[in-house]
Structures are given as C-alpha cells and as structure tokens.
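Below is model_1.pdb, which holds PDB, C-alpha atoms.
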MODEL        1
ATOM      1  CA  MET T   1       0.000   0.000   0.000
ATOM      2  CA  GLN T   2       0.995   3.632  -0.351
ATOM      3  CA  ALA T   3       1.860   5.522   2.807
ATOM      4  CA  ILE T   4       3.759   8.531   4.054
ATOM      5  CA  VAL T   5       6.874   7.354   5.893
ATOM      6  CA  GLN T   6       9.341   9.218   8.089
ATOM      7  CA  ALA T   7      12.958   8.187   8.680
ATOM      8  CA  ARG T   8      14.291  11.183  10.644
ATOM      9  CA  PHE T   9      13.278  14.482  12.244
ATOM     10  CA  GLY T  10      13.082  17.743  10.350
ATOM     11  CA  ALA T  11      10.938  19.953   8.144
ATOM     12  CA  PRO T  12       8.015  18.003   6.612
ATOM     13  CA  HIS T  13       9.218  18.452   3.029
ATOM     14  CA  ASP T  14      12.653  17.074   3.994
ATOM     15  CA  VAL T  15      11.684  14.024   6.049
ATOM     16  CA  LEU T  16       8.322  12.776   4.744
ATOM     17  CA  GLU T  17       8.177  10.569   1.662
ATOM     18  CA  LEU T  18       5.454   8.713  -0.202
ATOM     19  CA  GLY T  19       6.400   5.054  -0.373
ATOM     20  CA  GLU T  20       5.171   1.479  -0.664
ATOM     21  CA  ILE T  21       4.921  -0.542   2.556
ATOM     22  CA  ASP T  22       3.122  -3.707   3.592
ATOM     23  CA  THR T  23      -0.570  -3.444   4.403
ATOM     24  CA  PRO T  24      -0.959  -4.082   8.142
ATOM     25  CA  SER T  25      -2.931  -7.026   9.501
ATOM     26  CA  PRO T  26      -5.328  -6.480  12.401
ATOM     27  CA  GLN T  27      -4.606  -8.045  15.779
ATOM     28  CA  ASN T  28      -7.436  -9.667  17.744
ATOM     29  CA  ASP T  29      -8.762  -6.341  19.085
ATOM     30  CA  GLU T  30      -8.021  -4.292  15.969
ATOM     31  CA  VAL T  31      -9.873  -3.068  12.914
ATOM     32  CA  LEU T  32      -8.238  -2.674   9.508
ATOM     33  CA  VAL T  33      -9.602   0.515   7.942
ATOM     34  CA  ARG T  34      -9.334   1.607   4.346
ATOM     35  CA  VAL T  35      -8.565   5.270   4.922
ATOM     36  CA  HIS T  36     -10.567   7.711   2.800
ATOM     37  CA  ALA T  37      -9.416  10.835   4.619
ATOM     38  CA  ALA T  38      -7.061  11.853   7.419
ATOM     39  CA  SER T  39      -6.731  15.147   9.222
ATOM     40  CA  VAL T  40      -3.620  16.927  10.486
ATOM     41  CA  HIS T  41      -3.259  18.553  13.899
ATOM     42  CA  ILE T  42      -0.430  20.651  15.332
ATOM     43  CA  GLY T  43       0.899  17.700  17.324
ATOM     44  CA  ASP T  44       1.622  15.878  14.055
ATOM     45  CA  TYR T  45       3.847  18.749  12.980
ATOM     46  CA  TYR T  46       5.800  18.817  16.253
ATOM     47  CA  THR T  47       6.269  15.052  16.284
ATOM     48  CA  ILE T  48       7.548  15.061  12.702
ATOM     49  CA  ALA T  49       9.837  18.043  13.306
ATOM     50  CA  GLY T  50      11.065  16.543  16.594
ATOM     51  CA  LEU T  51      10.220  19.628  18.628
ATOM     52  CA  PRO T  52      11.134  20.394  21.290
ATOM     53  CA  TYR T  53      14.418  18.520  21.019
ATOM     54  CA  VAL T  54      14.180  17.088  24.521
ATOM     55  CA  MET T  55      11.177  15.032  23.347
ATOM     56  CA  ARG T  56      13.042  13.327  20.503
ATOM     57  CA  PRO T  57      13.865  10.107  22.417
ATOM     58  CA  MET T  58      10.147   9.550  23.041
ATOM     59  CA  PHE T  59       9.228  10.478  19.459
ATOM     60  CA  SER T  60      11.929   8.089  18.195
ATOM     61  CA  ALA T  61      10.472   5.248  20.239
ATOM     62  CA  MET T  62       7.050   5.979  18.790
ATOM     63  CA  ARG T  63       8.412   6.040  15.232
ATOM     64  CA  ALA T  64      10.253   2.752  15.762
ATOM     65  CA  LYS T  65       6.849   1.094  16.227
ATOM     66  CA  ASN T  66       5.194   2.866  13.316
ATOM     67  CA  ARG T  67       6.988   4.926  10.654
ATOM     68  CA  VAL T  68       3.684   6.295   9.349
ATOM     69  CA  PRO T  69       2.695   9.591  11.013
ATOM     70  CA  GLY T  70      -0.788  10.946  11.635
ATOM     71  CA  MET T  71      -3.582  10.003  14.037
ATOM     72  CA  ASP T  72      -7.037  10.999  12.786
ATOM     73  CA  ILE T  73      -8.898   9.082  10.074
ATOM     74  CA  ALA T  74     -12.251   8.303   8.514
ATOM     75  CA  GLY T  75     -12.791   5.326   6.268
ATOM     76  CA  THR T  76     -14.358   1.937   5.623
ATOM     77  CA  VAL T  77     -13.730  -1.220   7.627
ATOM     78  CA  GLU T  78     -11.771  -3.715   5.527
ATOM     79  CA  ALA T  79     -11.271  -6.515   8.079
ATOM     80  CA  VAL T  80     -11.589  -7.112  11.825
ATOM     81  CA  GLY T  81      -9.737  -9.125  14.446
ATOM     82  CA  GLY T  82     -11.301 -12.103  16.167
ATOM     83  CA  GLU T  83     -12.246 -10.194  19.338
ATOM     84  CA  VAL T  84     -13.890  -7.241  17.584
ATOM     85  CA  THR T  85     -17.664  -7.110  18.148
ATOM     86  CA  GLN T  86     -18.753  -3.591  17.241
ATOM     87  CA  PHE T  87     -17.669  -3.366  13.604
ATOM     88  CA  ARG T  88     -17.706  -5.500  10.493
ATOM     89  CA  PRO T  89     -16.354  -5.079   6.942
ATOM     90  CA  GLY T  90     -18.118  -2.307   5.052
ATOM     91  CA  ASP T  91     -18.889  -0.167   8.117
ATOM     92  CA  GLU T  92     -17.989   3.512   7.849
ATOM     93  CA  VAL T  93     -15.930   4.680  10.828
ATOM     94  CA  PHE T  94     -13.780   7.484  12.191
ATOM     95  CA  GLY T  95     -11.288   7.645  15.022
ATOM     96  CA  SER T  96      -7.865   8.524  16.367
ATOM     97  CA  TYR T  97      -4.813   6.346  17.023
ATOM     98  CA  LYS T  98      -1.683   6.230  14.813
ATOM     99  CA  GLY T  99      -0.521   5.498  11.280
ATOM    100  CA  ALA T 100      -3.185   7.676   9.663
ATOM    101  CA  PHE T 101      -1.312   8.930   6.597
ATOM    102  CA  ALA T 102      -1.683   5.714   4.609
ATOM    103  CA  GLU T 103      -4.145   3.840   2.420
ATOM    104  CA  TYR T 104      -4.847   1.403   5.262
ATOM    105  CA  ALA T 105      -4.465   1.651   9.039
ATOM    106  CA  CYS T 106      -5.052  -0.727  11.949
ATOM    107  CA  PHE T 107      -6.878   0.864  14.874
ATOM    108  CA  PRO T 108      -7.940  -0.692  18.180
ATOM    109  CA  GLU T 109     -11.712  -1.143  18.288
ATOM    110  CA  ARG T 110     -12.026   1.323  21.189
ATOM    111  CA  SER T 111     -10.329   4.049  19.114
ATOM    112  CA  LEU T 112     -13.094   4.056  16.496
ATOM    113  CA  ALA T 113     -16.756   5.036  16.261
ATOM    114  CA  SER T 114     -19.399   4.866  13.563
ATOM    115  CA  LYS T 115     -19.150   7.752  11.092
ATOM    116  CA  PRO T 116     -22.008  10.257  11.324
ATOM    117  CA  GLY T 117     -24.246   9.660   8.342
ATOM    118  CA  ASN T 118     -24.553  13.361   7.534
ATOM    119  CA  LEU T 119     -20.800  13.963   7.287
ATOM    120  CA  THR T 120     -18.445  13.291   4.412
ATOM    121  CA  PHE T 121     -15.310  11.252   5.089
ATOM    122  CA  GLU T 122     -13.302  14.485   5.026
ATOM    123  CA  GLN T 123     -15.534  16.042   7.670
ATOM    124  CA  ALA T 124     -15.563  12.918   9.833
ATOM    125  CA  ALA T 125     -11.751  12.740   9.752
ATOM    126  CA  THR T 126     -11.626  16.015  11.688
ATOM    127  CA  LEU T 127     -13.382  14.474  14.718
ATOM    128  CA  GLY T 128     -10.168  13.276  16.307
ATOM    129  CA  VAL T 129      -7.544  14.891  18.518
ATOM    130  CA  SER T 130      -8.742  18.480  18.085
ATOM    131  CA  ALA T 131     -12.418  17.733  18.712
ATOM    132  CA  LEU T 132     -11.615  15.452  21.659
ATOM    133  CA  THR T 133      -9.398  18.171  23.157
ATOM    134  CA  ALA T 134     -12.231  20.682  22.895
ATOM    135  CA  LEU T 135     -14.812  18.320  24.405
ATOM    136  CA  GLN T 136     -12.669  17.054  27.265
ATOM    137  CA  GLY T 137     -11.251  20.501  28.019
ATOM    138  CA  LEU T 138     -14.647  22.170  28.293
ATOM    139  CA  ARG T 139     -16.480  19.326  30.015
ATOM    140  CA  ASP T 140     -13.860  17.738  32.253
ATOM    141  CA  ARG T 141     -11.434  20.581  32.966
ATOM    142  CA  GLY T 142     -13.706  23.586  32.642
ATOM    143  CA  ARG T 143     -16.877  21.927  33.942
ATOM    144  CA  VAL T 144     -18.745  24.498  31.871
ATOM    145  CA  GLN T 145     -22.337  25.140  32.958
ATOM    146  CA  PRO T 146     -25.273  26.837  31.196
ATOM    147  CA  GLY T 147     -25.110  30.616  31.395
ATOM    148  CA  GLN T 148     -21.378  30.784  32.058
ATOM    149  CA  LYS T 149     -19.133  33.083  30.040
ATOM    150  CA  VAL T 150     -16.479  31.193  28.072
ATOM    151  CA  LEU T 151     -13.549  32.723  26.168
ATOM    152  CA  VAL T 152     -11.816  30.677  23.440
ATOM    153  CA  THR T 153      -8.516  31.960  22.061
ATOM    154  CA  GLY T 154      -7.422  30.605  18.708
ATOM    155  CA  ALA T 155     -11.132  30.326  17.974
ATOM    156  CA  SER T 156     -10.560  29.881  14.237
ATOM    157  CA  GLY T 157      -8.118  26.997  14.621
ATOM    158  CA  GLY T 158      -8.479  23.234  14.827
ATOM    159  CA  VAL T 159      -9.367  23.012  18.525
ATOM    160  CA  GLY T 160     -10.940  26.459  18.652
ATOM    161  CA  THR T 161     -13.623  25.895  16.010
ATOM    162  CA  PHE T 162     -14.789  22.811  17.893
ATOM    163  CA  ALA T 163     -14.538  24.532  21.293
ATOM    164  CA  VAL T 164     -16.767  27.418  20.217
ATOM    165  CA  GLN T 165     -19.480  25.051  19.007
ATOM    166  CA  ILE T 166     -19.284  22.605  21.915
ATOM    167  CA  ALA T 167     -19.376  25.427  24.466
ATOM    168  CA  LYS T 168     -22.559  26.670  22.806
ATOM    169  CA  THR T 169     -24.147  23.216  23.125
ATOM    170  CA  MET T 170     -23.370  23.443  26.841
ATOM    171  CA  GLY T 171     -25.389  26.644  27.080
ATOM    172  CA  ALA T 172     -22.439  28.987  27.537
ATOM    173  CA  GLU T 173     -22.103  32.568  26.319
ATOM    174  CA  VAL T 174     -19.067  32.263  24.046
ATOM    175  CA  THR T 175     -16.460  34.826  23.042
ATOM    176  CA  GLY T 176     -13.977  33.863  20.350
ATOM    177  CA  VAL T 177     -10.584  35.500  19.865
ATOM    178  CA  CYS T 178      -9.158  35.437  16.322
ATOM    179  CA  SER T 179      -7.651  37.598  13.578
ATOM    180  CA  THR T 180      -9.565  40.021  11.380
ATOM    181  CA  ARG T 181      -9.954  37.622   8.447
ATOM    182  CA  ASN T 182     -11.607  34.996  10.643
ATOM    183  CA  LEU T 183     -14.150  37.144  12.509
ATOM    184  CA  GLU T 184     -17.132  36.274  10.330
ATOM    185  CA  MET T 185     -16.334  32.576  10.290
ATOM    186  CA  VAL T 186     -16.132  32.442  14.086
ATOM    187  CA  ARG T 187     -19.461  34.256  14.320
ATOM    188  CA  SER T 188     -20.964  31.829  11.826
ATOM    189  CA  ILE T 189     -20.164  28.802  14.000
ATOM    190  CA  GLY T 190     -21.952  30.277  16.990
ATOM    191  CA  ALA T 191     -19.737  32.727  18.877
ATOM    192  CA  ASP T 192     -21.846  35.336  20.686
ATOM    193  CA  HIS T 193     -18.948  37.809  20.691
ATOM    194  CA  VAL T 194     -15.661  38.025  18.807
ATOM    195  CA  VAL T 195     -12.422  39.802  19.683
ATOM    196  CA  ASP T 196      -9.999  40.783  16.920
ATOM    197  CA  TYR T 197      -6.625  40.302  18.582
ATOM    198  CA  THR T 198      -4.978  42.594  16.011
ATOM    199  CA  GLN T 199      -7.112  45.445  17.364
ATOM    200  CA  ASP T 200      -7.958  44.568  20.979
ATOM    201  CA  ASP T 201      -6.384  42.712  23.909
ATOM    202  CA  PHE T 202      -8.950  40.634  25.813
ATOM    203  CA  THR T 203      -6.795  40.804  28.967
ATOM    204  CA  GLU T 204      -7.182  44.599  29.097
ATOM    205  CA  GLY T 205     -10.965  44.814  28.708
ATOM    206  CA  ASP T 206     -13.678  44.933  31.352
ATOM    207  CA  ARG T 207     -15.307  41.613  30.479
ATOM    208  CA  ARG T 208     -14.608  38.690  32.820
ATOM    209  CA  TYR T 209     -14.993  35.011  32.016
ATOM    210  CA  ASP T 210     -15.872  31.890  33.962
ATOM    211  CA  PHE T 211     -13.627  29.747  31.768
ATOM    212  CA  ILE T 212     -10.805  30.697  29.424
ATOM    213  CA  PHE T 213      -9.707  28.016  26.946
ATOM    214  CA  ASP T 214      -6.352  29.385  25.787
ATOM    215  CA  ASN T 215      -5.234  27.625  22.604
ATOM    216  CA  VAL T 216      -2.582  30.190  21.716
ATOM    217  CA  GLY T 217      -0.456  31.078  24.733
ATOM    218  CA  SER T 218       0.394  34.578  23.541
ATOM    219  CA  HIS T 219       0.142  35.990  27.083
ATOM    220  CA  SER T 220       1.649  34.841  30.355
ATOM    221  CA  LEU T 221      -0.644  32.828  32.616
ATOM    222  CA  SER T 222      -0.826  35.633  35.163
ATOM    223  CA  THR T 223      -1.758  38.163  32.482
ATOM    224  CA  THR T 224      -4.431  35.892  31.017
ATOM    225  CA  ARG T 225      -5.922  35.234  34.462
ATOM    226  CA  ARG T 226      -6.692  38.958  34.713
ATOM    227  CA  ALA T 227      -9.657  38.289  32.428
ATOM    228  CA  LEU T 228     -11.109  35.638  34.735
ATOM    229  CA  ALA T 229     -14.102  36.075  37.007
ATOM    230  CA  PRO T 230     -13.252  35.624  40.725
ATOM    231  CA  THR T 231     -14.190  31.940  40.578
ATOM    232  CA  GLY T 232     -13.147  31.413  36.952
ATOM    233  CA  THR T 233     -10.668  28.866  35.541
ATOM    234  CA  LEU T 234      -7.942  29.146  32.908
ATOM    235  CA  LEU T 235      -6.938  26.114  30.857
ATOM    236  CA  ALA T 236      -3.697  26.606  28.910
ATOM    237  CA  ASN T 237      -3.674  24.480  25.763
ATOM    238  CA  GLY T 238      -1.329  26.320  23.435
ATOM    239  CA  ALA T 239       2.330  27.269  23.261
ATOM    240  CA  HIS T 240       4.933  27.973  20.605
ATOM    241  CA  VAL T 241       7.319  25.025  20.514
ATOM    242  CA  GLY T 242      10.950  25.091  19.417
ATOM    243  CA  GLY T 243      14.565  24.486  20.445
ATOM    244  CA  TRP T 244      15.477  22.164  23.282
ATOM    245  CA  PHE T 245      12.736  22.943  25.778
ATOM    246  CA  GLY T 246      10.565  25.520  23.985
ATOM    247  CA  GLY T 247       6.904  25.181  24.824
ATOM    248  CA  LEU T 248       7.418  22.763  27.723
ATOM    249  CA  ALA T 249       7.809  25.548  30.281
ATOM    250  CA  ASP T 250       4.217  26.719  29.817
ATOM    251  CA  PRO T 251       2.474  23.439  30.751
ATOM    252  CA  ILE T 252       4.914  22.931  33.630
ATOM    253  CA  VAL T 253       4.170  26.388  35.007
ATOM    254  CA  ALA T 254       0.444  25.764  34.516
ATOM    255  CA  LEU T 255       0.710  22.446  36.365
ATOM    256  CA  VAL T 256       2.564  23.992  39.287
ATOM    257  CA  SER T 257       0.122  26.916  39.384
ATOM    258  CA  SER T 258      -2.814  24.505  39.501
ATOM    259  CA  LEU T 259      -1.491  23.183  42.815
ATOM    260  CA  PHE T 260      -1.885  26.589  44.421
ATOM    261  CA  THR T 261      -4.875  28.200  42.743
ATOM    262  CA  ARG T 262      -8.177  26.763  41.607
ATOM    263  CA  ARG T 263      -8.208  29.402  38.886
ATOM    264  CA  GLN T 264      -5.550  27.457  36.949
ATOM    265  CA  GLY T 265      -6.609  24.217  35.289
ATOM    266  CA  ARG T 266      -4.104  21.395  34.912
ATOM    267  CA  PRO T 267      -2.755  20.759  31.395
ATOM    268  CA  PHE T 268      -3.910  17.528  29.810
ATOM    269  CA  VAL T 269      -3.606  15.384  26.689
ATOM    270  CA  SER T 270      -6.875  14.307  25.098
ATOM    271  CA  THR T 271      -7.610  10.591  25.167
ATOM    272  CA  PRO T 272      -9.679   8.805  22.491
ATOM    273  CA  ASN T 273     -12.351   6.593  24.001
ATOM    274  CA  PRO T 274     -15.600   5.096  22.678
ATOM    275  CA  ASP T 275     -17.916   7.268  24.782
ATOM    276  CA  ASP T 276     -16.390  10.569  23.732
ATOM    277  CA  LEU T 277     -16.100   9.570  20.080
ATOM    278  CA  ALA T 278     -19.791   8.623  20.223
ATOM    279  CA  ALA T 279     -20.611  11.966  21.872
ATOM    280  CA  LEU T 280     -18.883  13.835  19.039
ATOM    281  CA  SER T 281     -20.706  11.700  16.502
ATOM    282  CA  GLU T 282     -24.062  12.512  18.116
ATOM    283  CA  LEU T 283     -23.314  16.238  18.128
ATOM    284  CA  ALA T 284     -22.408  16.057  14.434
ATOM    285  CA  GLU T 285     -25.498  13.986  13.584
ATOM    286  CA  SER T 286     -27.701  16.585  15.272
ATOM    287  CA  GLY T 287     -26.102  19.428  13.346
ATOM    288  CA  LYS T 288     -24.725  21.043  16.511
ATOM    289  CA  LEU T 289     -21.129  20.366  15.491
ATOM    290  CA  VAL T 290     -20.078  21.259  11.946
ATOM    291  CA  PRO T 291     -16.401  20.723  11.039
ATOM    292  CA  VAL T 292     -14.602  23.674   9.486
ATOM    293  CA  ILE T 293     -12.168  22.572   6.767
ATOM    294  CA  ASP T 294      -9.411  24.877   5.600
ATOM    295  CA  ARG T 295      -7.709  22.901   2.828
ATOM    296  CA  SER T 296      -7.502  19.396   1.394
ATOM    297  CA  TYR T 297      -4.371  17.736  -0.031
ATOM    298  CA  PRO T 298      -3.818  14.385  -1.790
ATOM    299  CA  LEU T 299      -1.697  11.813   0.042
ATOM    300  CA  GLY T 300       1.386  12.612  -2.006
ATOM    301  CA  GLU T 301       1.233  16.213  -0.817
ATOM    302  CA  ALA T 302       1.028  15.326   2.876
ATOM    303  CA  PRO T 303       4.318  17.182   3.579
ATOM    304  CA  ALA T 304       2.679  20.402   2.368
ATOM    305  CA  ALA T 305      -0.391  19.703   4.512
ATOM    306  CA  VAL T 306       1.726  19.203   7.644
ATOM    307  CA  ALA T 307       3.807  22.303   6.891
ATOM    308  CA  HIS T 308       0.627  24.353   6.460
ATOM    309  CA  VAL T 309      -0.631  23.306   9.877
ATOM    310  CA  GLY T 310       2.781  24.038  11.365
ATOM    311  CA  GLN T 311       2.451  27.666  10.312
ATOM    312  CA  ARG T 312      -0.450  27.908  12.802
ATOM    313  CA  HIS T 313      -2.675  29.939  10.482
ATOM    314  CA  ALA T 314      -5.065  27.234   9.259
ATOM    315  CA  GLN T 315      -8.755  28.085   9.461
ATOM    316  CA  GLY T 316     -10.237  24.992  11.056
ATOM    317  CA  LYS T 317      -8.836  21.628   9.980
ATOM    318  CA  THR T 318      -6.469  20.565   7.197
ATOM    319  CA  ILE T 319      -7.287  17.321   5.386
ATOM    320  CA  ILE T 320      -5.389  14.638   3.498
ATOM    321  CA  ALA T 321      -7.803  13.017   1.028
ATOM    322  CA  LEU T 322      -6.826   9.541  -0.103
ATOM    323  CA  ASP T 323      -9.335   8.930  -2.860
ATOM    324  CA  GLU T 324     -11.696  10.852  -5.106
ATOM    325  CA  THR T 325     -14.809   9.609  -3.254
ATOM    326  CA  VAL T 326     -14.194  12.113  -0.477
ATOM    327  CA  ALA T 327     -13.892  15.205  -2.673
TER     328      ALA T 327
ENDMDL
END

In structure tokens, what does this structure look like?
Amino acid sequence: MQAIVQARFGAPHDVLELGEIDTPSPQNDEVLVRVHAASVHIGDYYTIAGLPYVMRPMFSAMRAKNRVPGMDIAGTVEAVGGEVTQFRPGDEVFGSYKGAFAEYACFPERSLASKPGNLTFEQAATLGVSALTALQGLRDRGRVQPGQKVLVTGASGGVGTFAVQIAKTMGAEVTGVCSTRNLEMVRSIGADHVVDYTQDDFTEGDRRYDFIFDNVGSHSLSTTRRALAPTGTLLANGAHVGGWFGGLADPIVALVSSLFTRRQGRPFVSTPNPDDLAALSELAESGKLVPVIDRSYPLGEAPAAVAHVGQRHAQGKTIIALDETVA
C-alpha cells in the first residue's frame, strides 16, 4: 500500500516521503480501515519536526513502532480481528490512534466510532484529537455550565472551532478571539462575541470570564488570568514550541500553578475513548457540530499539509484526502 513514511526528524518536506509498505494485519482487538481521509493537527507537525528537542527520544520510540505519522482518520472497515464485536467489513468509521497517513491503518476497536451519516469522510476525519481536546477541556477541565461566560482563544483553529461550538451546546455565552480575516467565520459557528486580537487585547478589557480556553499562549498565565471572574478557571492548551525545551515551560508552570490556585486548570492530553467519540458523533449527527475545513491535499502532498498546519494559520482543519470519493 501507499503511505507517508518518516525516517528522521526535520521539516516536513525534507523528512516525509510517499512510499510502498506492507498493508498491516489487524490483531485480535483491531480493525483494519481503508482510509478515505485523514486530518492533520499541530501535534503531528511537532512530532515530525522533533520539537522540542528534549522530546526526541520519546518520538523516536514511537516512530520505531510505526513509521507512518498521523492520528485521525475516517474510512471503511476492511477486516476485523477475532475479538472485535462492534464493527464488520463495510462499516464507515472514524477515530484517532496512529498510522493515519496511509491507504490502510489498523486501529484498536475502542479508538473508532461509527461515522455520522450526515458527514463526508473528510468532515468525519476532523473528529479526532482536536475535537476530543475541545470536548474534554470544556467538560472535564472547565466543567462548563449553562449561562457561564467562556472565552476561546485561537477560535478559528483546529481546537478552537470545535470549542466554540461545543461550548454553545453546553449553554455557555461564548467569546472567540481570532484575527480580522476569521471574525465572520467564528461568528458563523456560533460565537456570541468576537475579539480581533490585532485590534484589541482581551486581557485589558472589562469583560470577565468563567472559563478561558487558551489555545494560543500569547500571554503569560498571570496576564491571562486577569480576564477571569473571581471563581473562573484558565486552561492553557497552546504554546509555541521550538529548540530544546521551547513550549514545555508553559504546561509545567500551569501544572505547578494549579497546585496553588483553583483558577488554573491542569494541562492535559486528550484521550480517544468510545464514549467521547460517540458523543462527538451525536453532536455532528444533530447538526450542533459542523467541522470547518481549511484545505484538502492528496496523500502525495502530505508534507505540504503538515507544513501548512505548522504555520499555525489554518482556518479549522487541514485534510489529506486519499481517494476521489471524499472530494
């Protein structure tokens, strides 16, 4: 089968190649999926680039087990292992695990869910890491309640577009922070208010928020907390990563801060699980969650797709389409 393979760390165009590798065979608890579409998130870029450098030993261990990058897919079940009970060949599924940038991928059964019938494969492929981060951040870390005021920075990005919509389903009053070119899009997905960060600084205004979902990290934690209500919570989910330790300081500081103030949420990594994948599917089926897609690339242009996401200016999600049926 054709797949994108990575042999070393570096810029996507330098280290990612389209090649022929063996089609994987599912283990007892696994599902072999013919991938119709995959989506790219910022973590894919950092893992491929090997940033920050201190994380390279862990990234190398991950690559030793699977040279194919990517996590989020949507496709059709090709075969199932002997212990799989939920899916059978021909089922349309989506999910998040590893080895996504290939014609076929083996995913554990618990890392998949049935594809929403009203979404294309491209749209369903977006319901992975970014959507799970938004759901788990708002529900589990923010414990958002109806009527609360929620601020989402990076509201036009991969996590942000999902966070705005999910916060609205929770009954929150949502403010999205984005650039001028994205204001109308963020309004269109449900934001009650928008802040153009090129013109205004949300930390200097009078409005206070019960939960701030910071997907950018352009301000210090203490500065961002100035925009919180007295009992509000800040969840830091974004940082610029580079060099040896770049980007790691922010989650460490946030973790330490969370030990001393309830206004600072602990950093987390989203975890795919059947219940949350099903919850995202239900939101999409009901029309309450509509994926925003920025661009779509063929498999052979996956390096360009990853590089585009690494520039951190994508509007919503970036897709790798593996066959013409998803166009």

key: Nearby residues (all atoms listed in the file) at most 8 Å from range 286-303 of chain T, same-chain spacing under 2 positions excluded, as number ranges by chain   = T: 3-4, 12-13, 16-18, 101-102, 123-124, 126-127, 161-162, 165-166, 169, 189, 280, 282-284, 305-307, 314-323

query = Suppose you want the space between CA of Pro69 in chain T and CA of Gly117 in chain T; what is it in Å?
reply = 27.1 Å

request  = Write out as a PyMOL selection string each polymer residue whose atoms come within 8 Å of range 210-218 of chain T, counting all atoms listed in the file; drop sequence neighbours fewer than 6 positions from it.
outcome  = chain T and resi 137-138+142+144+148-155+159-160+228-229+231-240

message = Let me make sure I understand: among T:Phe202, T:Tyr104, T:Phe121, T:Tyr209, which one has the smallest atom-to-atom distance to Pro24 in chain T if we use all atoms listed in the file?
response = T:Tyr104

request  = Could you tell me which residues the PyMOL selection byres ((chain T and resi 271) around 9) returns for this structure, as a ChimeraX atom specification?
outcome  = /T:129,132-133,136,269-270,272-273,276

request  = Considering only C-alpha atoms, return as a PyMOL selection string whatever protein or nucleic-acid residues lie within 10 Å of Ala125 in chain T, sequence-local ones (same chain, fewer than 5 positions apart) excluded.
outcome  = chain T and resi 35-40+71-75+93-96+100+115+119-120+291+317-321

message = Could you check the closest approach to Pro274 in chain T for each of T:Gln311, T:Gln86, T:Gln27, T:Ser111 and tell me which residue wins, using only C-alpha atoms?
response =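 Residue with the minimum atom-to-atom distance to Pro274 in chain T: T:Ser111.
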
Could range 175-192 of chain T be completed with N, CA and C atoms and written as a PDB file, in the coordinates of the input, please?
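Produced file selection_17.pdb, reproduced below:
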ATOM      1  N   THR T 175     -17.236  33.790  23.717  1.00  0.00           N
ATOM      2  CA  THR T 175     -16.460  34.826  23.042  1.00  0.00           C
ATOM      3  C   THR T 175     -15.276  34.161  22.365  1.00  0.00           C
ATOM      4  N   GLY T 176     -15.096  34.429  21.084  1.00  0.00           N
ATOM      5  CA  GLY T 176     -13.977  33.863  20.350  1.00  0.00           C
ATOM      6  C   GLY T 176     -12.949  34.927  20.020  1.00  0.00           C
ATOM      7  N   VAL T 177     -11.683  34.593  20.197  1.00  0.00           N
ATOM      8  CA  VAL T 177     -10.584  35.500  19.865  1.00  0.00           C
ATOM      9  C   VAL T 177      -9.903  34.979  18.605  1.00  0.00           C
ATOM     10  N   CYS T 178      -9.758  35.849  17.591  1.00  0.00           N
ATOM     11  CA  CYS T 178      -9.158  35.437  16.322  1.00  0.00           C
ATOM     12  C   CYS T 178      -8.675  36.675  15.581  1.00  0.00           C
ATOM     13  N   SER T 179      -8.124  36.474  14.395  1.00  0.00           N
ATOM     14  CA  SER T 179      -7.651  37.598  13.578  1.00  0.00           C
ATOM     15  C   SER T 179      -8.795  38.169  12.762  1.00  0.00           C
ATOM     16  N   THR T 180      -8.539  39.305  12.130  1.00  0.00           N
ATOM     17  CA  THR T 180      -9.565  40.021  11.380  1.00  0.00           C
ATOM     18  C   THR T 180     -10.217  39.157  10.310  1.00  0.00           C
ATOM     19  N   ARG T 181      -9.408  38.394   9.574  1.00  0.00           N
ATOM     20  CA  ARG T 181      -9.954  37.622   8.447  1.00  0.00           C
ATOM     21  C   ARG T 181     -10.871  36.491   8.883  1.00  0.00           C
ATOM     22  N   ASN T 182     -10.808  36.122  10.171  1.00  0.00           N
ATOM     23  CA  ASN T 182     -11.607  34.996  10.643  1.00  0.00           C
ATOM     24  C   ASN T 182     -12.826  35.398  11.473  1.00  0.00           C
ATOM     25  N   LEU T 183     -13.066  36.688  11.640  1.00  0.00           N
ATOM     26  CA  LEU T 183     -14.150  37.144  12.509  1.00  0.00           C
ATOM     27  C   LEU T 183     -15.507  36.597  12.075  1.00  0.00           C
ATOM     28  N   GLU T 184     -15.813  36.706  10.801  1.00  0.00           N
ATOM     29  CA  GLU T 184     -17.132  36.274  10.330  1.00  0.00           C
ATOM     30  C   GLU T 184     -17.301  34.769  10.440  1.00  0.00           C
ATOM     31  N   MET T 185     -16.243  34.029  10.160  1.00  0.00           N
ATOM     32  CA  MET T 185     -16.334  32.576  10.290  1.00  0.00           C
ATOM     33  C   MET T 185     -16.619  32.178  11.725  1.00  0.00           C
ATOM     34  N   VAL T 186     -15.923  32.782  12.675  1.00  0.00           N
ATOM     35  CA  VAL T 186     -16.132  32.442  14.086  1.00  0.00           C
ATOM     36  C   VAL T 186     -17.540  32.814  14.531  1.00  0.00           C
ATOM     37  N   ARG T 187     -18.054  33.915  14.025  1.00  0.00           N
ATOM     38  CA  ARG T 187     -19.461  34.256  14.320  1.00  0.00           C
ATOM     39  C   ARG T 187     -20.391  33.197  13.730  1.00  0.00           C
ATOM     40  N   SER T 188     -20.066  32.743  12.522  1.00  0.00           N
ATOM     41  CA  SER T 188     -20.964  31.829  11.826  1.00  0.00           C
ATOM     42  C   SER T 188     -21.080  30.477  12.509  1.00  0.00           C
ATOM     43  N   ILE T 189     -20.088  30.090  13.309  1.00  0.00           N
ATOM     44  CA  ILE T 189     -20.164  28.802  14.000  1.00  0.00           C
ATOM     45  C   ILE T 189     -20.730  28.939  15.407  1.00  0.00           C
ATOM     46  N   GLY T 190     -21.193  30.151  15.756  1.00  0.00           N
ATOM     47  CA  GLY T 190     -21.952  30.277  16.990  1.00  0.00           C
ATOM     48  C   GLY T 190     -21.429  31.209  18.047  1.00  0.00           C
ATOM     49  N   ALA T 191     -20.259  31.833  17.847  1.00  0.00           N
ATOM     50  CA  ALA T 191     -19.737  32.727  18.877  1.00  0.00           C
ATOM     51  C   ALA T 191     -20.681  33.904  19.093  1.00  0.00           C
ATOM     52  N   ASP T 192     -20.984  34.190  20.356  1.00  0.00           N
ATOM     53  CA  ASP T 192     -21.846  35.336  20.686  1.00  0.00           C
ATOM     54  C   ASP T 192     -21.096  36.648  20.539  1.00  0.00           C
TER      55      ASP T 192
END
